[in-house]
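Trainee: One file is attached below, start34.cif, containing mmCIF, C-alpha atoms.
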```cif
data_my_file
loop_
_atom_site.label_atom_id
_atom_site.label_comp_id
_atom_site.auth_asym_id
_atom_site.auth_seq_id
_atom_site.Cartn_x
_atom_site.Cartn_y
_atom_site.Cartn_z
CA MET A 124 87.85 71.62 -38.22
CA SER A 125 91.41 71.22 -39.39
CA ILE A 126 94.63 70.29 -37.59
CA ARG A 127 97.57 72.05 -39.20
CA GLY A 128 101.19 70.93 -39.22
CA SER A 129 104.17 72.26 -41.13
CA ILE A 130 103.64 70.19 -44.34
CA ILE A 131 100.16 68.66 -43.94
CA ARG A 132 96.82 69.23 -42.35
CA LEU A 133 94.34 66.71 -41.05
CA SER A 134 90.73 67.45 -41.89
CA PRO A 135 87.44 65.59 -42.07
CA PRO A 136 87.10 63.95 -45.49
CA GLU A 137 85.78 66.45 -48.03
CA ALA A 138 83.93 65.78 -51.30
CA GLU A 139 87.09 66.40 -53.33
CA ASP A 140 88.90 63.67 -51.31
CA LEU A 141 86.58 60.89 -52.46
CA PHE A 142 88.56 59.94 -55.58
CA ALA A 143 91.86 59.81 -53.66
CA LEU A 144 90.30 57.78 -50.84
CA GLN A 145 88.68 55.43 -53.35
CA SER A 146 92.05 54.94 -55.02
CA LEU A 147 93.70 54.12 -51.66
CA ARG A 148 90.95 51.66 -50.76
CA ASN A 149 91.35 49.94 -54.16
CA ASP A 150 95.17 49.70 -54.03
CA LEU A 151 95.72 45.98 -53.42
CA SER A 152 99.28 46.20 -52.09
CA LEU A 153 98.43 49.12 -49.78
CA GLN A 154 95.36 47.32 -48.45
CA ARG A 155 97.51 44.28 -47.67
CA GLN A 156 99.98 46.53 -45.83
CA LEU A 157 96.99 47.78 -43.81
CA LEU A 158 96.08 44.15 -43.00
CA ALA A 159 92.80 44.53 -44.85
CA LEU A 160 91.15 42.02 -47.10
CA PRO A 161 90.85 44.05 -50.31
CA LYS A 162 87.37 44.46 -51.73
CA PRO A 163 86.36 46.60 -54.70
CA ASN A 164 85.30 50.05 -53.52
CA ASN A 165 83.05 52.15 -55.70
CA MET A 166 82.21 55.71 -54.70
CA ASP A 167 79.11 54.60 -52.75
CA ALA A 168 81.23 52.16 -50.70
CA VAL A 169 83.72 54.94 -49.88
CA ARG A 170 80.90 57.27 -48.81
CA GLU A 171 79.45 54.48 -46.64
CA TRP A 172 82.90 53.87 -45.05
CA ILE A 173 83.23 57.59 -44.23
CA GLY A 174 79.66 57.60 -42.91
CA ARG A 175 80.47 54.83 -40.43
CA PHE A 176 83.07 57.13 -38.87
CA ASN A 177 80.74 60.14 -38.87
CA GLY A 178 78.13 58.16 -36.94
CA SER A 179 80.56 56.60 -34.48
CA SER A 180 81.18 57.69 -30.92
CA ASN A 181 84.39 55.65 -30.63
CA ALA A 182 86.17 56.22 -33.96
CA ILE A 183 87.56 59.16 -35.91
CA LEU A 184 88.79 59.61 -39.49
CA PHE A 185 90.82 62.43 -41.04
CA SER A 186 92.07 62.99 -44.56
CA ILE A 187 95.77 63.82 -44.80
CA ARG A 188 96.19 66.87 -47.06
CA ARG A 189 99.39 68.49 -48.28
CA LEU A 190 99.62 72.16 -47.34
CA ASP A 191 101.34 73.26 -50.54
CA ASN A 192 98.59 72.09 -52.91
CA ASP A 193 95.76 70.85 -50.62
CA LEU A 194 95.92 67.41 -52.26
CA CYS A 195 94.54 64.46 -50.26
CA ILE A 196 97.40 61.95 -49.98
CA GLY A 197 96.05 59.58 -47.35
CA PHE A 198 94.03 59.13 -44.21
CA VAL A 199 94.53 58.51 -40.51
CA GLN A 200 91.99 56.84 -38.27
CA VAL A 201 91.66 55.96 -34.63
CA THR A 202 89.15 53.24 -33.80
CA GLN A 203 88.04 51.51 -30.62
CA ILE A 204 88.49 54.77 -28.71
CA ASP A 205 88.09 53.93 -25.03
CA THR A 206 88.04 57.11 -22.95
CA LEU A 207 87.73 55.20 -19.66
CA HIS A 208 91.01 53.38 -20.21
CA GLY A 209 92.52 56.08 -22.43
CA THR A 210 93.31 53.89 -25.44
CA GLY A 211 92.63 53.74 -29.17
CA TRP A 212 93.78 51.78 -32.23
CA LEU A 213 95.65 53.72 -34.90
CA GLY A 214 95.61 53.23 -38.66
CA VAL A 215 97.47 55.30 -41.24
CA ALA A 216 97.48 55.07 -45.03
CA ILE A 217 99.64 57.22 -47.29
CA ASP A 218 99.53 57.04 -51.07
CA PRO A 219 102.65 55.05 -52.08
CA GLU A 220 103.81 58.00 -54.21
CA TYR A 221 104.12 60.12 -51.05
CA GLN A 222 105.58 57.58 -48.63
CA GLY A 223 109.03 58.25 -47.18
CA LYS A 224 108.70 62.04 -47.49
CA GLY A 225 107.77 62.98 -43.93
CA PHE A 226 104.00 63.11 -44.38
CA GLY A 227 103.33 59.98 -42.29
CA GLY A 228 105.53 61.12 -39.43
CA GLU A 229 103.81 64.47 -39.23
CA ALA A 230 100.38 62.82 -39.46
CA LEU A 231 101.31 60.65 -36.47
CA LYS A 232 102.45 63.66 -34.42
CA LEU A 233 99.27 65.59 -35.20
CA ILE A 234 96.85 62.73 -34.46
CA GLU A 235 98.70 61.79 -31.26
CA ARG A 236 98.49 65.35 -29.93
CA TYR A 237 94.85 65.67 -30.95
CA MET A 238 93.80 62.38 -29.36
CA HIS A 239 95.64 63.21 -26.14
CA GLU A 240 94.34 66.78 -25.84
CA PHE A 241 90.72 66.26 -26.87
CA PHE A 242 89.98 62.63 -25.98
CA ASN A 243 92.38 62.32 -23.06
CA LEU A 244 93.94 59.21 -24.59
CA ARG A 245 97.11 58.09 -22.89
CA LYS A 246 98.07 55.35 -25.34
CA LEU A 247 97.71 54.44 -29.01
CA LEU A 248 98.09 50.89 -30.31
CA LEU A 249 98.48 49.51 -33.81
CA GLU A 250 99.00 46.27 -35.69
CA VAL A 251 101.61 46.00 -38.44
CA ASP A 252 103.05 43.19 -40.54
CA SER A 253 106.43 42.37 -38.99
CA LYS A 254 108.11 42.96 -42.37
CA ASN A 255 106.23 46.17 -43.32
CA PRO A 256 108.72 49.04 -43.91
CA ALA A 257 106.33 51.37 -42.02
CA LYS A 258 107.37 49.56 -38.83
CA HIS A 259 110.61 51.58 -38.94
CA LEU A 260 108.59 54.83 -38.97
CA TYR A 261 106.52 53.69 -35.99
CA THR A 262 109.66 52.72 -34.07
CA ARG A 263 111.30 56.06 -34.87
CA MET A 264 108.14 57.83 -33.66
CA GLY A 265 108.31 56.07 -30.27
CA TYR A 266 106.11 53.01 -30.76
CA SER A 267 107.33 49.76 -29.20
CA VAL A 268 106.53 46.16 -30.11
CA ILE A 269 104.65 44.61 -27.20
CA GLY A 270 103.83 41.29 -28.82
CA THR A 271 103.76 39.30 -32.01
CA MET A 272 100.91 37.23 -33.36
CA ARG A 273 102.69 34.41 -35.21
CA SER A 274 101.41 33.29 -38.62
CA HIS A 275 98.35 35.47 -38.11
CA PHE A 276 97.50 37.19 -41.43
CA TYR A 277 97.24 35.33 -44.72
CA HIS A 278 98.21 36.85 -48.06
CA GLY A 279 100.57 36.01 -50.89
CA ASP A 280 100.21 32.26 -50.36
CA ARG A 281 101.53 32.36 -46.81
CA TYR A 282 100.81 33.53 -43.28
CA HIS A 283 102.54 36.61 -41.90
CA ASP A 284 103.57 37.56 -38.36
CA ILE A 285 101.80 40.66 -37.05
CA ASP A 286 103.39 42.91 -34.43
CA ILE A 287 101.30 44.81 -31.91
CA MET A 288 102.87 48.16 -31.10
CA GLU A 289 101.99 50.84 -28.55
CA LYS A 290 103.00 54.36 -27.64
CA PHE A 291 102.22 56.21 -24.44
CA LEU A 292 101.23 59.76 -25.25
#
```
As structure tokens - that is how I would like this structure written.

Mentor:
Amino acid sequence: MSIRGSIIRLSPPEAEDLFALQSLRNDLSLQRQLLALPKPNNMDAVREWIGRFNGSSNAILFSIRRLDNDLCIGFVQVTQIDTLHGTGWLGVAIDPEYQGKGFGGEALKLIERYMHEFFNLRKLLLEVDSKNPAKHLYTRMGYSVIGTMRSHFYHGDRYHDIDIMEKFL
């Protein structure tokens, strides 16, 4: 299965994506942007991470692949999918080399449409560091801040405010 846009496609992680996904999961600054506590990820850990999505009834993971060269440049996930209430929690990671070039915006459009059409979700939520530049993308794509958790996430010798954002699909 593949979800095609004009510059990317979303597809289940493929064997050739493992090195790119491992690199993303080992990028310390990117993991901090994702509000993750970075841990070393060898190939077995990446396979295990992908496997947790494959075996889950309430989470989904796609690789983000460029159409022009089929290169994996990131991933998008929706976790805590609740079909009764029509909600899910969004996470997006784009290789820093490809940020700011439209790939993230198109990935959001594709995953939003997919989750609405096939899972009947009516709303996606996400958490983002209040100072993360990606917050501007989310706002431009229609996400609104609905609350802030003050001094919530620790990294870089200090605590950071975390905004909760939502978008009705």

Trainee: Skip Trp212 in chain A itself and residues of its chain fewer than 6 positions away, then list as a ChimeraX atom specification all residues within 9 Å of it, counting only C-alpha atoms.

Mentor: /A:182,200-204,246-250

Trainee: With only C-alpha atoms as the atoms that count, which of A:Leu147, A:Cys195, A:Val215, A:Leu292 lies nearest to His239 in chain A?

Mentor: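 Distance minimum relative to His239 in chain A lands on A:Leu292.
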
Trainee: Do you know which residues are at most 12 Å from Arg132 in chain A counting only C-alpha atoms, after dropping those on the same chain fewer than 4 positions away, and could you put them as a list in words?

Mentor: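 Close residues of Arg132 in chain A: Met124, Ser125, Ile126, Arg127, Gly128, Pro136, Phe185, Ser186, Ile187, Arg188, Arg189, Leu190, Asp191, Asn192, Asp193, Leu194, Cys195, Ile196, Gly197, Phe198, Val199, Phe226, Gly227, Glu229, Ala230, Leu231, Lys232, Leu233 and Ile234 of chain A.
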
Trainee: Quick check, in Å to one decimal: how far apart do CA of Glu240 in chain A and CA of Ile217 in chain A lie?

Mentor: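 Value for the CA of Glu240 in chain A-CA of Ile217 in chain A distance: 24.1 Å.
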
Trainee: Excluding same-chain residues fewer than 5 positions from His259 in chain A, what lies within 12 Å of it counting all atoms listed in the file, as JSON, numbers by chain?

Mentor: {"A": [223, 227, 228, 251, 252, 253, 254, 264, 265, 266, 267, 268, 288]}

Trainee: Take the residues that were just selected and, keeping C-alpha atoms, output them as a compact mmCIF listing (two decimals), keeping the file's coordinate frame.

Mentor:
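Below is the file that was written, out-v9.txt:
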```txt
# COMPACT_ATOMS: atom_id res chain seq x y z
CA GLY A 223 109.03 58.25 -47.18
CA GLY A 227 103.33 59.98 -42.29
CA GLY A 228 105.53 61.12 -39.43
CA VAL A 251 101.61 46.00 -38.44
CA ASP A 252 103.05 43.19 -40.54
CA SER A 253 106.43 42.37 -38.99
CA LYS A 254 108.11 42.96 -42.37
CA MET A 264 108.14 57.83 -33.66
CA GLY A 265 108.31 56.07 -30.27
CA TYR A 266 106.11 53.01 -30.76
CA SER A 267 107.33 49.76 -29.20
CA VAL A 268 106.53 46.16 -30.11
CA MET A 288 102.87 48.16 -31.10
```

Trainee: Report as JSON, numbers by chain all protein, DNA and RNA residues lying within 10 Å of Arg170 in chain A, evaluated on all atoms listed in the file, omitting residues in the same chain fewer than 6 positions from it.

Mentor: {"A": [136, 138, 141, 144, 145, 164]}
